[in-house]
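**Q** Mind having a look at this structure? Questions to follow.
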Amino acid sequence: MSALAPLILNVVKAVVVLILGWIAAGAIGGLVRRRVNATPQIDPTLGNFLASTVKWVILAVVLVAVLGIFGIQATSIVAILGAASLAIGLALQGTLSDLAAGVMLVIFRPYKLGQFIDIGGTSGTVKDLTLFTTELATADNVQIIVPNGKAWGEIIINYSAHPTRRVDLTFGIDYGDDADTAMQIILDTARADGRVHSDPEPWARVTNLGDSSVDLTARLWCDAGDYWDLKFILTKAVKEAFDKGGISIPYPHQVEIQKQG
């Protein structure tokens, strides 16, 4: 029993160091995040990334300290890691790729916290960017974790990168209705909404002659944050304005042909 006492003591020390190190890493990482995010000149995305980096560095130091408790010196650890570098690189190539991609995302910043983006068909609002992953929240508040390697390797569509966006609306009217009158109704309805920009000017044209309708397209500019509300509200408002102006929106017709024998 006396022979096991030193080993048990070392295990207890290692557990205590691991627990304290984990708590310290989280606390210091959180402090770094708060300090960086409190500086207006620094983007919050960088604060989250630095906090994640600091946390993992501290945990690496803690791991070295724990190994030192069992008599494994830092020089021995370096030698072991050097000998096993190829195997570790092959086993963790995906993780290392995510790490490298995370650094590239922070440097080039194709997206920031709070922006609505699409990564290879997966869309959502950016909630966090860490060393290895990007966290998104969908429109219905579902969490999506995207590995940074996939994010960097896919096409990134950033819907929030520019302050303004163009809203495209298409309406079909009956062939018997006056297209100029319908387009004027669309433009008047759009200009009545204060969120529609006057520069560039709202635009409406006949864009297609369909099987059962004349298709009119309106192009309007607004602040990026107003895009969806404006799109939905104007669609309803134009429908109501068409009803008042005597413009009909047709629906597909089917003609039944009976063959007499």
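Each chain of the structure tokens is named A, B, ... in the order shown, its residues numbered from 1; ligands are numbered from 1 in display order.
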What lies within 12 Å of range 31-38 of chain A using only C-alpha atoms, ignoring chain neighbours under 5 positions off, as a VMD selection string?
**A** chain A and resid 24 to 26 43 to 55 113 128 to 130
**Q** Write out as a list in words the residues lying within 6 Å of range 161-167 of chain A, counting only C-alpha atoms and excluding same-chain residues fewer than 5 positions away.
**A**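 Residues meeting the cut-off are Arg219, Leu220, Trp221, Cys222, Asp223 and Ala224 of chain A.
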**Q** Calculate how many Å separate CA of Val106 in chain A from CA of Lys150 in chain A, rounding to one decimal.
**A**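 About the pair CA of Val106 in chain A and CA of Lys150 in chain A: they are 14.7 Å apart.
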**Q** Hey, which of A:Glu154, A:Glu135, A:Asp140, A:Asp188 ends up closest to Gly120 in chain A? Count only C-alpha atoms.
**A**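 Counting only C-alpha atoms, the residue closest to Gly120 in chain A is A:Glu154.
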**Q** Between A:Ala151, A:Val126, A:Met183, A:Ala27, which residue has the minimum interatomic distance to Met104 in chain A, considering only C-alpha atoms?
**A**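 Between A:Ala151, A:Val126, A:Met183, A:Ala27, the residue approaching Met104 in chain A most closely is A:Ala151.
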**Q** As a list in words, please: all residues of range 172-219 of chain A that backbone DSSP puts in strand (DSSP E).
**A** Gly172, Ile173, Trp203, Ala204, Arg205, Val206, Thr207, Asn208, Leu209, Val214, Asp215, Leu216, Thr217, Ala218 and Arg219 of chain A
**Q** If you keep N, CA and C atoms, can you produce a file of those selected residues as a PDB file, in the first residue's frame?
**A**
```pdb
ATOM      1  N   GLY A 172     -48.520  38.527 -61.922  1.00  0.00           N
ATOM      2  CA  GLY A 172     -49.143  38.192 -63.191  1.00  0.00           C
ATOM      3  C   GLY A 172     -50.503  38.863 -63.299  1.00  0.00           C
ATOM      4  N   ILE A 173     -50.775  39.500 -64.432  1.00  0.00           N
ATOM      5  CA  ILE A 173     -52.077  40.140 -64.646  1.00  0.00           C
ATOM      6  C   ILE A 173     -52.730  39.537 -65.873  1.00  0.00           C
ATOM      7  N   TRP A 203     -38.423  50.338 -59.976  1.00  0.00           N
ATOM      8  CA  TRP A 203     -38.446  49.970 -61.402  1.00  0.00           C
ATOM      9  C   TRP A 203     -39.505  48.899 -61.616  1.00  0.00           C
ATOM     10  N   ALA A 204     -40.303  49.028 -62.689  1.00  0.00           N
ATOM     11  CA  ALA A 204     -41.309  48.014 -63.026  1.00  0.00           C
ATOM     12  C   ALA A 204     -41.377  47.869 -64.538  1.00  0.00           C
ATOM     13  N   ARG A 205     -41.407  46.634 -65.017  1.00  0.00           N
ATOM     14  CA  ARG A 205     -41.445  46.357 -66.455  1.00  0.00           C
ATOM     15  C   ARG A 205     -42.235  45.075 -66.716  1.00  0.00           C
ATOM     16  N   VAL A 206     -42.676  44.921 -67.974  1.00  0.00           N
ATOM     17  CA  VAL A 206     -43.245  43.655 -68.426  1.00  0.00           C
ATOM     18  C   VAL A 206     -42.071  42.732 -68.730  1.00  0.00           C
ATOM     19  N   THR A 207     -41.992  41.601 -68.065  1.00  0.00           N
ATOM     20  CA  THR A 207     -40.832  40.714 -68.212  1.00  0.00           C
ATOM     21  C   THR A 207     -41.149  39.371 -68.846  1.00  0.00           C
ATOM     22  N   ASN A 208     -42.437  39.046 -68.992  1.00  0.00           N
ATOM     23  CA  ASN A 208     -42.742  37.756 -69.600  1.00  0.00           C
ATOM     24  C   ASN A 208     -44.200  37.713 -70.038  1.00  0.00           C
ATOM     25  N   LEU A 209     -44.435  37.029 -71.147  1.00  0.00           N
ATOM     26  CA  LEU A 209     -45.800  36.763 -71.615  1.00  0.00           C
ATOM     27  C   LEU A 209     -46.078  35.285 -71.392  1.00  0.00           C
ATOM     28  N   VAL A 214     -49.806  38.105 -68.148  1.00  0.00           N
ATOM     29  CA  VAL A 214     -48.707  39.002 -68.482  1.00  0.00           C
ATOM     30  C   VAL A 214     -47.947  39.237 -67.189  1.00  0.00           C
ATOM     31  N   ASP A 215     -46.666  38.879 -67.150  1.00  0.00           N
ATOM     32  CA  ASP A 215     -45.888  38.955 -65.921  1.00  0.00           C
ATOM     33  C   ASP A 215     -45.174  40.299 -65.809  1.00  0.00           C
ATOM     34  N   LEU A 216     -45.366  40.960 -64.676  1.00  0.00           N
ATOM     35  CA  LEU A 216     -44.728  42.247 -64.391  1.00  0.00           C
ATOM     36  C   LEU A 216     -43.741  42.054 -63.252  1.00  0.00           C
ATOM     37  N   THR A 217     -42.556  42.606 -63.410  1.00  0.00           N
ATOM     38  CA  THR A 217     -41.528  42.511 -62.377  1.00  0.00           C
ATOM     39  C   THR A 217     -41.202  43.896 -61.844  1.00  0.00           C
ATOM     40  N   ALA A 218     -41.165  44.008 -60.515  1.00  0.00           N
ATOM     41  CA  ALA A 218     -40.769  45.257 -59.860  1.00  0.00           C
ATOM     42  C   ALA A 218     -39.452  45.027 -59.132  1.00  0.00           C
ATOM     43  N   ARG A 219     -38.550  46.003 -59.230  1.00  0.00           N
ATOM     44  CA  ARG A 219     -37.271  45.946 -58.529  1.00  0.00           C
ATOM     45  C   ARG A 219     -37.147  47.170 -57.643  1.00  0.00           C
TER      46      ARG A 219
END
```
**Q** Can you pull out every residue within 10 Å of Leu136 in chain A, counting only C-alpha atoms, but drop anything in the same chain fewer than 3 positions away, and send it as a PyMOL selection string?
**A** chain A and resi 113-119+122-129+133+139+141-146
**Q** How many Å lie between CA of Gly210 in chain A and CA of Ile233 in chain A, rounded to one decimal?
**A** 25.0 Å
**Q** CA of Tyr159 in chain A and CA of Gln184 in chain A, how far apart in Å?
**A**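 Atom-to-atom, CA of Gln184 in chain A and CA of Tyr159 in chain A are spaced 29.6 Å apart.
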**Q** According to DSSP computed on the backbone, where in range 79-250 of chain A is there alpha helix (DSSP H)? Give the residues as a PyMOL selection string.
**A** chain A and resi 79-83+85-91+93-108+148-153+179-191+227-245
**Q** Taking into account only C-alpha atoms, which residue in the set A:Leu234, A:Leu105, A:Ile19, A:Leu96 is nearest to Ala192 in chain A?
**A**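 Among A:Leu234, A:Leu105, A:Ile19, A:Leu96, it is A:Leu234 that comes nearest to Ala192 in chain A.
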**Q** Which is closest to Phe171 in chain A among A:Leu99, A:Ile107, A:Ile156, A:Ile247, if we use only C-alpha atoms?
**A**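 Going through A:Leu99, A:Ile107, A:Ile156, A:Ile247 one by one, the smallest distance to Phe171 in chain A is for A:Ile247.
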